[in-house]
Amino acid sequence: MATLEIKDLHVSVTTEDGPKEILKGVDLTIRSGETHAIMGPNGSGKSTLSYAVAGHPKYHVTSGSVTLDGEDVLEMSVDERARAGLFLAMQYPVEVPGVSMSNFLRTAATAVRGEAPNLRHWVKEVKGAMSDLDIDPAFAERSVNEGFSGGEKKRHEILQLSLLAPKIAILDETDSGLDVDALRVVSEGVNRYKESSEVGVMLITHYTRILKYIKPDFVHVFSAGRVVESGGPELADVLENEGYVKYTGKQEVASIG
């Protein structure tokens with residue numbers, strides 16, 4: 001059993017006008033087997049939370065704590081966080097020209113597992129995972145995300161999830177840019193990994209459509225850098241019908257259908 005505990009987290013970014021506080025005291029606990037949907041309008045701090053936990057250097061933690069099984073995450077380097085069991089599927093996966101997907105995946109798995117996977121077993125494992133996600137085997141020799149469509153990039157993020165087997169998976173707007181078919185395949189990939197493990201999931205999204213495929217245990221509403229309301233899956237239904245205007249006062253961001 002793993003537990004990610006975030007307490008009174010404050011995070012700032014540097015702007016031309018000086019530091020700007022984005023997160024203003026976030027409290028959140030995610031345990032093995034739980035799926036937490038983080039919902040809210042643009043600019044509410046959802047992605048900042050994901051990058052701060054993952055260790056992005058742009059985001060400066062000014063106070064508060066993040067622990068994984070009691071260990072101080074904020075004292076870890078980015079690669080140490082990954083080896084400890086944290087995984088971030090990015091909203092906008094980066095391209096890495098000149099590095100093949102096959103080399104990238106095996107290098108990442110070696111770093112996380114502490115030793116290089118047996119090559120014969122590894123090839124079988126990767127082929128099976130790619131087949132599950134409807135990924136053309138030819139993609140294994142293409143440069144990481146180079147020339148990939150949005151849906152292809154997201155499928156490869158979930159491929160990494162299944163092969164790296166983290167304790168806590170942070171999925172930052174994984175549904176962004178996906179058509180209906182790609183959303184279904186990606187969601188099935190997440191659910192398949194959940195069924196085979198005790199992973200805890202932080203699922204960040206604007207919309208309820210992905211929650212029709214990945215069922216949350218808890219829903220948290222973000223607004224102005226804080227969790228302003230928490231509840232069960234029924235809270236997503238309220239947001240579907242009423243939007244975020246209750247929390248922001250802005251009618252234009254209320255449509256989340």
# chains A, B, ... in the order shown; residues from 1 in each chain; ligands from 1
>>> residues_around(residues="Gly40 of chain A", least_positions_apart="4", cutoff="10 Å", atoms="only C-alpha atoms", output="ChimeraX atom specification")
/A:44-46,204-207,220-225,227-228,239,243-244,247-248,253-254,256
>>> residues_around(residues="segment 3-9 of chain A", least_positions_apart="3", cutoff="6 Å", atoms="only C-alpha atoms", output="mmCIF file with N, CA and C atoms, in the first residue's frame")
data_model
loop_
_atom_site.group_PDB
_atom_site.id
_atom_site.type_symbol
_atom_site.label_atom_id
_atom_site.label_comp_id
_atom_site.auth_asym_id
_atom_site.auth_seq_id
_atom_site.Cartn_x
_atom_site.Cartn_y
_atom_site.Cartn_z
ATOM 1 N N GLY A 25 -2.255 26.579 -0.682
ATOM 2 C CA GLY A 25 -2.576 25.731 0.456
ATOM 3 C C GLY A 25 -3.413 24.532 0.054
ATOM 4 N N VAL A 26 -2.800 23.578 -0.647
ATOM 5 C CA VAL A 26 -3.510 22.388 -1.132
ATOM 6 C C VAL A 26 -3.290 21.226 -0.170
ATOM 7 N N ASP A 27 -4.380 20.582 0.205
ATOM 8 C CA ASP A 27 -4.339 19.366 1.020
ATOM 9 C C ASP A 27 -5.004 18.245 0.234
ATOM 10 N N LEU A 28 -4.286 17.123 0.086
ATOM 11 C CA LEU A 28 -4.816 16.011 -0.688
ATOM 12 C C LEU A 28 -4.065 14.741 -0.314
ATOM 13 N N THR A 29 -4.781 13.643 -0.125
ATOM 14 C CA THR A 29 -4.165 12.354 0.175
ATOM 15 C C THR A 29 -4.702 11.318 -0.798
ATOM 16 N N ILE A 30 -3.775 10.624 -1.463
ATOM 17 C CA ILE A 30 -4.135 9.580 -2.432
ATOM 18 C C ILE A 30 -3.486 8.276 -1.988
ATOM 19 N N ARG A 31 -4.301 7.236 -1.857
ATOM 20 C CA ARG A 31 -3.803 5.932 -1.415
ATOM 21 C C ARG A 31 -3.911 4.910 -2.550
ATOM 22 N N SER A 63 6.043 26.580 0.677
ATOM 23 C CA SER A 63 5.740 25.992 1.988
ATOM 24 C C SER A 63 4.844 24.788 1.790
ATOM 25 N N GLY A 64 4.736 24.001 2.853
ATOM 26 C CA GLY A 64 3.945 22.786 2.785
ATOM 27 C C GLY A 64 4.827 21.576 2.560
ATOM 28 N N SER A 65 4.189 20.413 2.410
ATOM 29 C CA SER A 65 4.945 19.173 2.279
ATOM 30 C C SER A 65 4.273 18.214 1.310
ATOM 31 N N VAL A 66 5.101 17.351 0.716
ATOM 32 C CA VAL A 66 4.628 16.247 -0.120
ATOM 33 C C VAL A 66 5.412 15.017 0.299
ATOM 34 N N THR A 67 4.722 13.973 0.729
ATOM 35 C CA THR A 67 5.406 12.746 1.127
ATOM 36 C C THR A 67 4.809 11.551 0.397
ATOM 37 N N LEU A 68 5.659 10.575 0.124
ATOM 38 C CA LEU A 68 5.233 9.298 -0.444
ATOM 39 C C LEU A 68 5.680 8.208 0.510
ATOM 40 N N ASP A 69 4.721 7.563 1.122
ATOM 41 C CA ASP A 69 4.999 6.556 2.147
ATOM 42 C C ASP A 69 5.915 7.107 3.242
#
>>> residues_around(residues="Ser143 of chain A", least_positions_apart="6", cutoff="6 Å", atoms="only C-alpha atoms", output="list of chain:residue names")
A:Pro97, A:Gly98, A:Val99, A:Ser100, A:Met101
>>> select_by_dssp(residues="segment 153-254 of chain A", states="strand (DSSP E)", output="MDAnalysis selection string")
chainID A and resid 168:172 200:205 218:223 226:231
>>> closest_residue(among="A:Asp79, A:Glu234, A:Asp181, A:Asp132", to="Ile158 of chain A", atoms="only C-alpha atoms")
A:Asp132
>>> residues_around(residues="segment 52-61 of chain A", least_positions_apart="4", cutoff="9 Å", atoms="only C-alpha atoms", output="ChimeraX atom specification")
/A:6,9-14,23,47-48,65-66,73-74,76-78,81-82,86-88,170
>>> write_last_selection(atoms="C-alpha atoms", output="CSV table (one decimal), in the first residue's frame")
chain,number,residue,atom,x,y,z
A,6,ILE,CA,0.1,16.7,0.2
A,9,LEU,CA,1.2,23.1,-0.4
A,10,HIS,CA,2.0,26.6,-1.6
A,11,VAL,CA,3.7,26.9,-5.0
A,12,SER,CA,4.9,30.0,-6.9
A,13,VAL,CA,6.3,30.7,-10.4
A,14,THR,CA,8.6,33.5,-11.4
A,23,LEU,CA,-1.2,27.1,-5.3
A,47,SER,CA,-1.5,21.3,-13.7
A,48,THR,CA,0.7,23.3,-11.3
A,65,SER,CA,4.9,19.2,2.3
A,66,VAL,CA,4.6,16.2,-0.1
A,73,VAL,CA,9.3,13.9,-2.0
A,74,LEU,CA,10.4,17.5,-2.1
A,76,MET,CA,14.1,14.1,-4.0
A,77,SER,CA,15.5,14.8,-7.5
A,78,VAL,CA,13.1,14.2,-10.4
A,81,ARG,CA,10.8,10.7,-7.5
A,82,ALA,CA,10.3,8.4,-10.5
A,86,LEU,CA,5.7,8.6,-9.0
A,87,PHE,CA,4.6,8.9,-12.6
A,88,LEU,CA,3.5,11.9,-14.6
A,170,ILE,CA,-0.6,11.6,-12.1
